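Colleague: Input file: target-v4.cif. Contents: mmCIF, C-alpha atoms.
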```cif
data_run
loop_
_atom_site.label_atom_id
_atom_site.label_comp_id
_atom_site.auth_asym_id
_atom_site.auth_seq_id
_atom_site.Cartn_x
_atom_site.Cartn_y
_atom_site.Cartn_z
CA MET A 320 -9.06 -20.55 10.71
CA GLU A 321 -11.56 -21.54 13.37
CA TYR A 322 -14.26 -19.14 14.51
CA LYS A 323 -13.02 -18.99 18.14
CA TYR A 324 -9.58 -17.95 16.90
CA TYR A 325 -11.15 -15.24 14.72
CA GLU A 326 -13.31 -14.10 17.61
CA ARG A 327 -10.29 -13.85 19.93
CA LYS A 328 -8.20 -11.96 17.38
CA ILE A 329 -10.91 -9.47 16.42
CA ASN A 330 -11.51 -8.81 20.12
CA ASP A 331 -7.78 -8.24 20.63
CA VAL A 332 -7.97 -5.53 17.97
CA ILE A 333 -11.24 -4.01 19.21
CA CYS A 334 -10.28 -3.99 22.90
CA LYS A 335 -6.52 -3.51 22.86
CA CYS A 336 -5.67 -1.46 19.78
CA PRO A 337 -8.70 -0.50 17.65
CA ILE A 338 -6.97 0.39 14.40
CA GLU A 339 -7.56 -0.57 10.80
CA ALA A 340 -4.19 -2.30 10.45
CA GLY A 341 -5.19 -4.93 13.02
CA ILE A 342 -8.35 -5.79 11.08
CA GLU A 343 -6.32 -5.78 7.86
CA ILE A 344 -3.97 -8.48 9.20
CA LEU A 345 -6.89 -10.63 10.34
CA VAL A 346 -8.72 -10.25 7.00
CA TYR A 347 -5.53 -11.02 5.07
CA ASN A 348 -4.98 -14.21 7.07
CA LEU A 349 -8.56 -15.36 6.55
CA LEU A 350 -8.43 -14.63 2.81
CA ASP A 351 -5.08 -16.39 2.52
CA GLU A 352 -6.87 -19.66 3.34
CA HIS A 353 -9.27 -19.15 0.43
CA VAL A 354 -7.06 -17.83 -2.35
CA ASP A 355 -5.39 -20.64 -4.29
CA MET A 356 -1.69 -19.74 -4.32
CA ASN A 357 -1.18 -21.83 -7.45
CA GLU A 358 -3.55 -19.56 -9.38
CA PHE A 359 -3.43 -16.18 -7.64
CA SER A 360 -1.34 -13.84 -5.53
CA LEU A 361 -2.86 -12.19 -2.46
CA VAL A 362 -0.99 -8.90 -1.97
CA ASN A 363 -1.25 -6.00 0.46
CA ILE A 364 -1.16 -2.85 -1.69
CA ASN A 365 -2.39 -0.12 0.63
CA ARG A 366 0.92 1.76 0.81
CA ILE A 367 1.79 1.99 -2.87
CA TRP A 368 2.12 5.37 -4.50
CA LYS A 369 -0.96 6.30 -6.47
CA LYS A 370 0.87 6.70 -9.76
CA SER A 371 2.99 3.53 -9.43
CA ASP A 372 0.74 1.11 -11.32
CA SER A 373 -2.62 2.21 -12.75
CA ARG A 374 -4.02 -1.34 -12.52
CA LEU A 375 -4.05 -0.97 -8.73
CA LEU A 376 -5.54 2.52 -8.70
CA THR A 377 -9.30 3.03 -8.73
CA ASP A 378 -11.58 6.06 -8.83
CA GLY A 379 -11.59 5.69 -5.03
CA GLY A 380 -7.80 5.62 -4.62
CA VAL A 381 -5.74 2.58 -3.66
CA PRO A 382 -7.55 -0.22 -1.81
CA ASP A 383 -5.89 -2.34 0.89
CA ILE A 384 -5.50 -5.79 -0.68
CA ALA A 385 -5.49 -7.14 -4.24
CA ILE A 386 -6.00 -10.57 -5.80
CA LEU A 387 -3.56 -10.71 -8.72
CA SER A 388 -2.61 -13.19 -11.41
CA ILE A 389 0.56 -15.18 -10.72
CA ASP A 390 2.33 -13.48 -13.64
CA PHE A 391 1.52 -9.93 -12.39
CA ILE A 392 4.60 -7.69 -12.35
CA PHE A 393 4.34 -4.39 -10.51
CA GLY A 394 4.95 -1.40 -12.75
CA GLN A 395 4.84 -3.45 -15.96
CA GLU A 396 1.26 -2.78 -16.91
CA ASN A 397 1.14 -5.19 -19.82
CA ILE A 398 2.00 -8.20 -17.60
CA GLY A 399 -0.64 -9.68 -15.30
CA GLU A 400 -4.20 -9.11 -14.19
CA VAL A 401 -6.03 -7.68 -11.18
CA TYR A 402 -8.97 -9.96 -10.39
CA GLY A 403 -10.23 -8.58 -7.10
CA LEU A 404 -9.82 -5.81 -4.54
CA ILE A 405 -10.51 -5.64 -0.82
CA GLU A 406 -11.13 -2.47 1.19
CA ILE A 407 -10.85 -2.72 4.95
CA LYS A 408 -12.05 -0.34 7.63
CA SER A 409 -11.52 -0.47 11.38
CA ALA A 410 -13.96 -2.64 13.34
CA GLY A 411 -15.80 0.37 14.76
CA THR A 412 -16.42 1.94 11.37
CA ALA A 413 -19.84 1.49 9.79
CA LEU A 414 -19.71 0.32 6.18
CA ARG A 415 -21.13 2.99 3.91
CA GLU A 416 -21.14 3.08 0.13
CA THR A 417 -19.04 6.19 -0.31
CA GLU A 418 -17.41 7.50 -3.49
CA GLN A 419 -14.29 5.56 -2.45
CA ILE A 420 -16.16 2.26 -2.22
CA LEU A 421 -18.09 2.80 -5.44
CA GLY A 422 -14.81 3.69 -7.19
CA HIS A 423 -13.13 0.50 -5.96
CA SER A 424 -16.07 -1.76 -6.84
CA LYS A 425 -16.18 -0.49 -10.45
CA LYS A 426 -12.56 -1.35 -11.20
CA VAL A 427 -12.69 -5.16 -10.96
CA PRO A 428 -15.32 -7.93 -11.15
CA HIS A 429 -14.78 -8.97 -7.50
CA PHE A 430 -14.70 -6.53 -4.58
CA ILE A 431 -14.91 -7.13 -0.83
CA PHE A 432 -15.62 -4.39 1.69
CA THR A 433 -15.28 -5.26 5.37
CA ASN A 434 -14.60 -4.01 8.87
CA GLY A 435 -13.91 -7.56 10.03
CA VAL A 436 -17.41 -7.89 11.48
CA VAL A 437 -19.58 -7.03 8.48
CA TRP A 438 -18.48 -8.44 5.13
CA ARG A 439 -19.87 -7.28 1.77
CA TYR A 440 -19.09 -8.89 -1.55
CA TYR A 441 -19.72 -7.05 -4.81
CA HIS A 442 -19.72 -8.89 -8.11
CA ASN A 443 -19.62 -6.73 -11.22
CA HIS A 444 -20.30 -3.63 -9.13
CA LEU A 445 -23.48 -5.06 -7.51
CA LEU A 446 -23.80 -6.18 -3.91
CA GLU A 447 -24.17 -9.97 -4.06
CA TRP A 448 -24.05 -10.83 -0.36
CA GLU A 449 -23.50 -9.38 3.10
CA ILE A 450 -22.68 -11.27 6.29
CA ASN A 451 -22.65 -9.78 9.79
CA LEU A 452 -20.56 -12.01 12.07
CA SER A 453 -21.78 -10.45 15.29
CA SER A 454 -24.11 -12.85 17.07
CA ASP A 455 -25.52 -10.15 19.36
CA GLY A 456 -25.58 -7.02 17.22
CA VAL A 457 -22.64 -4.85 16.32
CA LYS A 458 -21.09 -3.41 19.46
CA PHE A 459 -17.68 -1.82 19.74
CA ALA A 460 -15.68 0.54 21.91
CA SER A 461 -13.74 -1.97 24.01
CA GLU A 462 -16.71 -4.27 24.42
CA GLU A 463 -16.13 -7.96 23.64
CA LEU A 464 -17.78 -9.12 20.46
CA LYS A 465 -19.39 -12.53 20.10
CA ILE A 466 -18.97 -14.07 16.68
CA SER A 467 -21.71 -16.31 15.29
CA GLU A 468 -20.16 -19.70 14.52
CA LYS A 469 -22.77 -20.38 11.82
CA ASP A 470 -22.22 -17.02 10.12
CA PHE A 471 -18.43 -17.37 10.36
CA TYR A 472 -18.44 -20.70 8.53
CA ASN A 473 -20.96 -19.33 6.04
CA LEU A 474 -18.49 -16.49 5.36
CA LYS A 475 -15.63 -18.93 4.91
CA ASN A 476 -17.70 -20.84 2.37
CA LYS A 477 -18.61 -17.64 0.48
CA LEU A 478 -14.94 -16.59 0.34
CA ASN A 479 -14.27 -19.41 -2.13
CA ILE A 480 -14.68 -16.89 -4.93
CA PRO A 481 -13.81 -17.78 -8.55
CA TRP A 482 -11.53 -14.74 -8.80
CA ASN A 483 -10.57 -15.16 -12.45
CA GLU A 484 -14.16 -15.43 -13.65
CA SER A 485 -16.07 -12.26 -14.55
#
```
Mind turning the file's structure into structure tokens?
Modeller:
Amino acid sequence: MEYKYYERKINDVICKCPIEAGIEILVYNLLDEHVDMNEFSLVNINRIWKKSDSRLLTDGGVPDIAILSIDFIFGQENIGEVYGLIEIKSAGTALRETEQILGHSKKVPHFIFTNGVVWRYYHNHLLEWEINLSSDGVKFASEELKISEKDFYNLKNKLNIPWNES
């Protein structure tokens, strides 16, 4: 994905329909470029029932997206692994380390928390990096956002995470 495409799509969400689901689609598409489909499965899990599969449930509830082993079978808890989780908020939501976020980050070695503009990566429950894509400060509420090309490509590089390594 090129940064101008990302900038256009995030602005479509911010200006036309500022909801979390729009950011979720954009984040999923960006992650899909960086998750090796021969090794992992990138799966949207945000609508599963909380008691369906304990591997996908954290102390903070059910996150939005999971990075799973290829052999993962839903509901068969002895088959497959959960390597990473991603929690997504709407673009206008500030990222705060709430009980939900702390609960998610403790469950797996790799955790991403983002609103599409600010991206935080936690490794083994500790914040390892944060990238703010806004080139002119975070502004929302139907105001066009400029994405920093340098920061966008830095993010893409950082998203090459070794998911199956602790």
Colleague: For the structure provided, state which residues fall under the PyMOL selection byres ((chain A and resi 396) around 10), and present them as a VMD selection string.
Modeller: chain A and resid 371 to 375 391 to 395 397 to 400
Colleague: From the options A:Val437, A:Val332, A:Leu464, A:Ile367, which residue's atoms come nearest to A:Ile344, counting all atoms listed in the file?
Modeller: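 Closest candidate: A:Val332.
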Colleague: Mind checking which residues fall within 7 Å of A:Leu404, counting all atoms listed in the file, ignoring those fewer than 2 positions away in the same chain, and posting them as a list in words?
Modeller: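 The contact residues come out as Pro382, Ile384, Ala385, Ile386, Glu406, His429, Phe430 and Ile431 of chain A.
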Colleague: Restrict the selected residues to C-alpha atoms and save them as a compact mmCIF listing (two decimals), in the frame of the given file.
Modeller:
```
# COMPACT_ATOMS: atom_id res chain seq x y z
CA PRO A 382 -7.55 -0.22 -1.81
CA ILE A 384 -5.50 -5.79 -0.68
CA ALA A 385 -5.49 -7.14 -4.24
CA ILE A 386 -6.00 -10.57 -5.80
CA GLU A 406 -11.13 -2.47 1.19
CA HIS A 429 -14.78 -8.97 -7.50
CA PHE A 430 -14.70 -6.53 -4.58
CA ILE A 431 -14.91 -7.13 -0.83
```
Colleague: I'd like the contact shell of A:Asn434 - 9 Å cut-off, only C-alpha atoms, skipping same-chain residues fewer than 6 positions apart - returned as a tab-separated table (two decimals) with C-alpha atoms, in the frame of the given file.
Modeller:
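Dumped everything to out_21.tsv:
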```tsv
chain	number	residue	atom	x	y	z
A	339	GLU	CA	-7.56	-0.57	10.80
A	342	ILE	CA	-8.35	-5.79	11.08
A	343	GLU	CA	-6.32	-5.78	7.86
A	346	VAL	CA	-8.72	-10.25	7.00
A	406	GLU	CA	-11.13	-2.47	1.19
A	407	ILE	CA	-10.85	-2.72	4.95
A	408	LYS	CA	-12.05	-0.34	7.63
A	409	SER	CA	-11.52	-0.47	11.38
A	410	ALA	CA	-13.96	-2.64	13.34
A	411	GLY	CA	-15.80	0.37	14.76
A	412	THR	CA	-16.42	1.94	11.37
A	413	ALA	CA	-19.84	1.49	9.79
A	414	LEU	CA	-19.71	0.32	6.18
```
Colleague: Which residues would end up in the selection if the PyMOL selection byres ((chain A and resi 485) around 9) were applied here, given that I need the answer as an mmCIF file with C-alpha atoms, keeping the file's coordinate frame?
Modeller:
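That gives us part-v5.cif:
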```cif
data_model
loop_
_atom_site.group_PDB
_atom_site.id
_atom_site.type_symbol
_atom_site.label_atom_id
_atom_site.label_comp_id
_atom_site.auth_asym_id
_atom_site.auth_seq_id
_atom_site.Cartn_x
_atom_site.Cartn_y
_atom_site.Cartn_z
ATOM 1 C CA TYR A 402 -8.970 -9.960 -10.390
ATOM 2 C CA VAL A 427 -12.690 -5.160 -10.960
ATOM 3 C CA PRO A 428 -15.320 -7.930 -11.150
ATOM 4 C CA HIS A 429 -14.780 -8.970 -7.500
ATOM 5 C CA HIS A 442 -19.720 -8.890 -8.110
ATOM 6 C CA ASN A 443 -19.620 -6.730 -11.220
ATOM 7 C CA PRO A 481 -13.810 -17.780 -8.550
ATOM 8 C CA TRP A 482 -11.530 -14.740 -8.800
ATOM 9 C CA ASN A 483 -10.570 -15.160 -12.450
ATOM 10 C CA GLU A 484 -14.160 -15.430 -13.650
#
```
Colleague: For the file shown, what are the residues hit by the PyMOL selection byres ((chain A and resi 438) around 6), laid out as a ChimeraX atom specification?
Modeller: /A:433,437,439,449-450
Colleague: When you count only C-alpha atoms, which of these residues is closest to A:Ile466: A:Lys426, A:Lys328, A:Lys369, A:His444?
Modeller: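 With only C-alpha atoms as the atom set, the closest residue is A:Lys328.
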Colleague: Find the residues around stretch 468-478 of chain A up to 8 Å (all atoms listed in the file counted), leave out those fewer than 4 positions away in its own chain, and share them as a compact mmCIF listing (two decimals) with C-alpha atoms, in the frame of the given file.
Modeller:
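Final output, result.txt:
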```
# COMPACT_ATOMS: atom_id res chain seq x y z
CA TYR A 322 -14.26 -19.14 14.51
CA LEU A 350 -8.43 -14.63 2.81
CA HIS A 353 -9.27 -19.15 0.43
CA ILE A 450 -22.68 -11.27 6.29
CA ASN A 451 -22.65 -9.78 9.79
CA LEU A 452 -20.56 -12.01 12.07
```
Colleague: If we count all atoms listed in the file and set the cut-off at 8 Å, which residues sit around A:Thr377, ignoring sequence neighbours fewer than 6 positions away in its own chain? Please answer as JSON, numbers by chain.
Modeller: {"A": [422, 423, 425, 426]}
Colleague: Could you work out how far atom CA of A:Tyr325 lies from atom CA of A:Glu462, giving the answer in Å with one decimal?
Modeller: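 Separation between atom CA of A:Glu462 and atom CA of A:Tyr325: 15.7 Å.
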